[in-house]
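Data first, discussion second: the structure below is written as structure tokens.
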Amino acid sequence: MRKLGLTRPIDLALHLPLRYEDETRLVPLADLARAIQPEPVQFEATVVHQEVAYRGRRQLLVTVEDGGERCLLRFFHFYPSQLKQMAVGQRVRVRGELRGGFGGLAIVHPTIHAAGAPLADALTPVYPTAAGLPQAYLRRVIAASLETADLSETIPTEFLARQGALAAWDLRRALHFLHQPAPGASLAQFEDHSHPAWQRLKAEELLAQQLSQFKAREERAALRAPPLATRRAGLPEQLLAALPFQLTHAQQRVGAEIAADLARDRPMHRLLQGDVGSGKTVVATLAACIAIDAGWQCALMAPTEILARQHFTKLADWLMPLLAPRGLRVAWLIGGQKSKARAEALAAIESGRAALVIGTHAVIQQQVRFRRLGLAVIDEQHRFGVAQRLSLRQKQVEAGSEEEPHLLMMSATPIPRTLAMSYYADLDVSTLDELPPGRTPVVTKLVSERRRDELVTRVGHWVAAGRQAYWVCPLIEESEALDLRYATQAYEELGAALPAVRVGLLHARLPAAEKKAVMDGFIAGAIDLLVSTTVIEVGVDVPNASLMVVEHAERFGLSQLHQLRGRVGRGTVASVCVLLFALPEGGHLSDTARARLKAMAETGDGFEIARRDLEIRGPGEFLGARQSGAPLLRFADLTLDRALLDWARHVAPLMLARHPDLAARHVSRWLGGRSDYLKA
């Protein structure tokens, strides 16, 4: 029950059926034989034959007859009590999926009851369940919860009037109807969630979500953070003067938005989103400079060691000449560090000498103590769990300060506006919608696995022309379940097929020192072709690498494919991304895989990619359920329920202001403890 999140009576009441079965009527077996339907049927008949047979495996075979029509019931698992229940001459009620064939009518593992028992007076709900939790038990405890759960009204009538249909169905009536619908109810309305009872639940859920978002924003507004003001000729201006390029207009605009946030005495909570290669790192570095200039520390956390190391190399190169004269430095912190280097980094962080700390999740470990953490930057925020993001914000509190650090999150997976309005209503969103000059557009080609040999030859010509390439594989080891060419096998095959090409191999299980050596070799041009798993998905920046081959592209997600494509097109040479796909045995890609590959071929715009990704996957998967491990929306669909979302967005602030107690009860009912996740 806990696995399903069913710990309170209200959780059970809100655990809605997946589908319904109609056990309210009996149909004569002769009628069913004339029109076999691919859905469960129910009839009564007399047992005329029973045997335990051994045909490959032990099974119970029971033949029943009614009105001159016979049907075979087949059981692979059975008990002695069932032999008595279906003894020859017994009249039984049978329910199951009827199949026809040369051998006549048959049902495998039907449900059996004694004939003549009263029929159900409502459709029978079938609930989502977990192993070992039978439907009969769920039905019983859910029916009881509808009597014991507090289903009293939490939405004042003044707000329901705006949506007339909602007033007619209160929560109690809607839930009773959805758990125990009348026999004549239209199943189609249940399936497409258009029934007014469903609309009421969606509205309640969206309102709970919006209330918690607004509440989180209100609570954050009451918190205090150090105001980090900029000064003339300070560190940010020195950095801009030293950089070998000019900022784009978008970078300047977003930089000003962040600077204005940092200057306030309440914590910044901003998401910086931009397409692959739009220059988010520079904007984040300028924000770090503002914090350092004001006498505070900045922490930058990245999801992978490769990305963290790239940030460290780039930012140390930019900042060390400016920080060293002040007696400050950039510190590096990862999990597998040598103890001496780690001890030095920890001491520098605690003393405040480490003005900027870059690393992986090691940055939030208990032994890391900041002297004055003023700004936390989280790169690729969707790759971190909520608990990890909360830990980073907790660091300043651990240092004995009542002030929270400012929080800047970065994402190269742009968030469509509908999601930003709903899941990120508590966040300020800055968007880099302009690529720096010099980024070359990437040509995307779809190539079938059948042309693999031809593609390998082309890669050889590409490298011979002095350019570098990536070859990305989805997994590493041999597996009987997945017939894939893994990184190690691809590495060996490509090395054998292209003897003149220097091939390198990179995957997550390589020791840290080897990973670094391989990446350094590729960056320096000592490796021509880098065979890799998706560890190079984010942040890797090698301008001379202008060809990307993604093997088994049909197995990758859309945002992942877009991230991988973003590794090329970083120099002046025209770049190509080849999506190598394999057709399954049936000869057809799944609809989802086809939609993903089509989107990649048709557009290079990250925002359009994100919009299509949302259409394909839905909001829960797109956001990783806001990386909380628990979906924030179970019933509402943001693409279909815009009118209800607009209603909830309008009502939430009014309800918080006029009816705070009802608002708190409403959020508790729907979200329980999950509203804490919104703080991250």
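Residue names in the structure tokens use chain letters A, B, ... in the order shown, residue numbers from 1 in each chain, and ligand numbers from 1 in the order shown.
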7 Å contact set for Gly255 of chain A, only C-alpha atoms, chain neighbours under 4 positions out, as an NGL selection string: :A and (251 or 259 or 283)
Sorted by chain and rising residue number, list the residues of segment 201-229 of chain A at most 12 Å from segment 130-154 of chain A (counting only C-alpha atoms), each with its closest atom pair and distance in Å to one decimal, as a tab-separated table.
```
residue	atom	partner	partner_atom	distance
A:Glu204	CA	A:Thr154	CA	9.2
A:Glu205	CA	A:Thr154	CA	12.0
A:Leu207	CA	A:Thr154	CA	10.7
A:Ala208	CA	A:Thr154	CA	10.4
```
Restricting the output to N, CA, C and O atoms, write the selected residues as a PDB file, in the first residue's frame.
```pdb
ATOM      1  N   GLU A 204      -9.879  20.428  -8.885  1.00  0.00           N
ATOM      2  CA  GLU A 204      -9.381  20.388  -7.500  1.00  0.00           C
ATOM      3  C   GLU A 204      -7.865  20.169  -7.484  1.00  0.00           C
ATOM      4  O   GLU A 204      -7.141  20.815  -6.733  1.00  0.00           O
ATOM      5  N   GLU A 205      -7.395  19.259  -8.334  1.00  0.00           N
ATOM      6  CA  GLU A 205      -5.966  18.957  -8.363  1.00  0.00           C
ATOM      7  C   GLU A 205      -5.152  20.155  -8.849  1.00  0.00           C
ATOM      8  O   GLU A 205      -4.129  20.515  -8.255  1.00  0.00           O
ATOM      9  N   LEU A 207      -5.999  23.252  -8.714  1.00  0.00           N
ATOM     10  CA  LEU A 207      -6.047  24.313  -7.699  1.00  0.00           C
ATOM     11  C   LEU A 207      -5.044  24.021  -6.586  1.00  0.00           C
ATOM     12  O   LEU A 207      -4.336  24.929  -6.128  1.00  0.00           O
ATOM     13  N   ALA A 208      -4.958  22.754  -6.150  1.00  0.00           N
ATOM     14  CA  ALA A 208      -3.987  22.394  -5.105  1.00  0.00           C
ATOM     15  C   ALA A 208      -2.570  22.699  -5.569  1.00  0.00           C
ATOM     16  O   ALA A 208      -1.760  23.245  -4.815  1.00  0.00           O
TER      17      ALA A 208
END
```
Using only C-alpha atoms: which of A:Cys577, A:Val442, A:Ala197, A:Ala524 has the shortest distance to Val472 of chain A: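 Using only C-alpha atoms, Val472 of chain A sits closest to A:Cys577.
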For each of A:Gly327, A:Pro436, A:Pro653, A:Pro244, take the minimum atom-to-atom distance to Arg353 of chain A, counting only C-alpha atoms, then give the residue where this is smallest.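 Among the listed residues, A:Gly327 lies closest to Arg353 of chain A.
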If you run DSSP on the backbone, which residues of segment 275-414 of chain A are alpha helix (DSSP H), as a ChimeraX atom specification? /A:280-293,305-323,339-351,386-398
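Among A:Met519, A:Val276, A:Leu333, A:Leu498, the residue with the shortest atom-to-atom distance to Gln563 of chain A, counting only C-alpha atoms, is A:Val276.
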Selected residue, from A:Ser278, A:Gln310, A:Ser351, A:Thr488, that lies nearest to Arg329 of chain A when counting only C-alpha atoms: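 Ranking A:Ser278, A:Gln310, A:Ser351, A:Thr488 by distance to Arg329 of chain A, first place goes to A:Ser351.
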Any chance you could list, as a ChimeraX atom specification, the residues in segment 423-575 of chain A that come up strand (DSSP E or B) when DSSP is run on the backbone? /A:428-432,442-448,468-472,503-506,529-532,545-551,575
Please produce a file of those selected residues containing C-alpha atoms, as a PDB file, in the first residue's frame.
```
ATOM      1  CA  ASP A 428      11.202  33.322 -12.433  1.00  0.00           C
ATOM      2  CA  VAL A 429      12.256  32.127 -15.881  1.00  0.00           C
ATOM      3  CA  SER A 430      14.944  33.807 -17.999  1.00  0.00           C
ATOM      4  CA  THR A 431      15.323  32.664 -21.597  1.00  0.00           C
ATOM      5  CA  LEU A 432      18.351  32.900 -23.884  1.00  0.00           C
ATOM      6  CA  VAL A 442      23.727  21.337 -37.960  1.00  0.00           C
ATOM      7  CA  VAL A 443      22.377  19.206 -40.830  1.00  0.00           C
ATOM      8  CA  THR A 444      20.473  16.190 -39.445  1.00  0.00           C
ATOM      9  CA  LYS A 445      20.274  12.983 -41.499  1.00  0.00           C
ATOM     10  CA  LEU A 446      18.279   9.817 -40.755  1.00  0.00           C
ATOM     11  CA  VAL A 447      20.140   6.682 -41.881  1.00  0.00           C
ATOM     12  CA  SER A 448      18.998   3.050 -41.627  1.00  0.00           C
ATOM     13  CA  GLN A 468      36.850  14.931 -35.649  1.00  0.00           C
ATOM     14  CA  ALA A 469      33.717  12.924 -34.940  1.00  0.00           C
ATOM     15  CA  TYR A 470      31.619  11.375 -32.153  1.00  0.00           C
ATOM     16  CA  TRP A 471      30.022   7.932 -32.316  1.00  0.00           C
ATOM     17  CA  VAL A 472      27.442   7.542 -29.530  1.00  0.00           C
ATOM     18  CA  VAL A 503      39.710   5.864 -32.059  1.00  0.00           C
ATOM     19  CA  GLY A 504      39.058   6.571 -28.352  1.00  0.00           C
ATOM     20  CA  LEU A 505      36.518   4.998 -25.972  1.00  0.00           C
ATOM     21  CA  LEU A 506      34.626   6.810 -23.212  1.00  0.00           C
ATOM     22  CA  LEU A 529      36.862   9.488 -33.443  1.00  0.00           C
ATOM     23  CA  LEU A 530      35.411   9.309 -29.933  1.00  0.00           C
ATOM     24  CA  VAL A 531      33.173   6.287 -29.309  1.00  0.00           C
ATOM     25  CA  SER A 532      31.097   7.099 -26.269  1.00  0.00           C
ATOM     26  CA  ALA A 545      34.304  17.822 -33.788  1.00  0.00           C
ATOM     27  CA  SER A 546      31.737  18.394 -36.517  1.00  0.00           C
ATOM     28  CA  LEU A 547      30.167  14.950 -37.085  1.00  0.00           C
ATOM     29  CA  MET A 548      27.893  13.191 -34.591  1.00  0.00           C
ATOM     30  CA  VAL A 549      26.659   9.633 -35.205  1.00  0.00           C
ATOM     31  CA  VAL A 550      24.007   8.394 -32.762  1.00  0.00           C
ATOM     32  CA  GLU A 551      23.593   4.633 -32.997  1.00  0.00           C
ATOM     33  CA  SER A 575      28.380  20.063 -39.098  1.00  0.00           C
TER      34      SER A 575
END
```
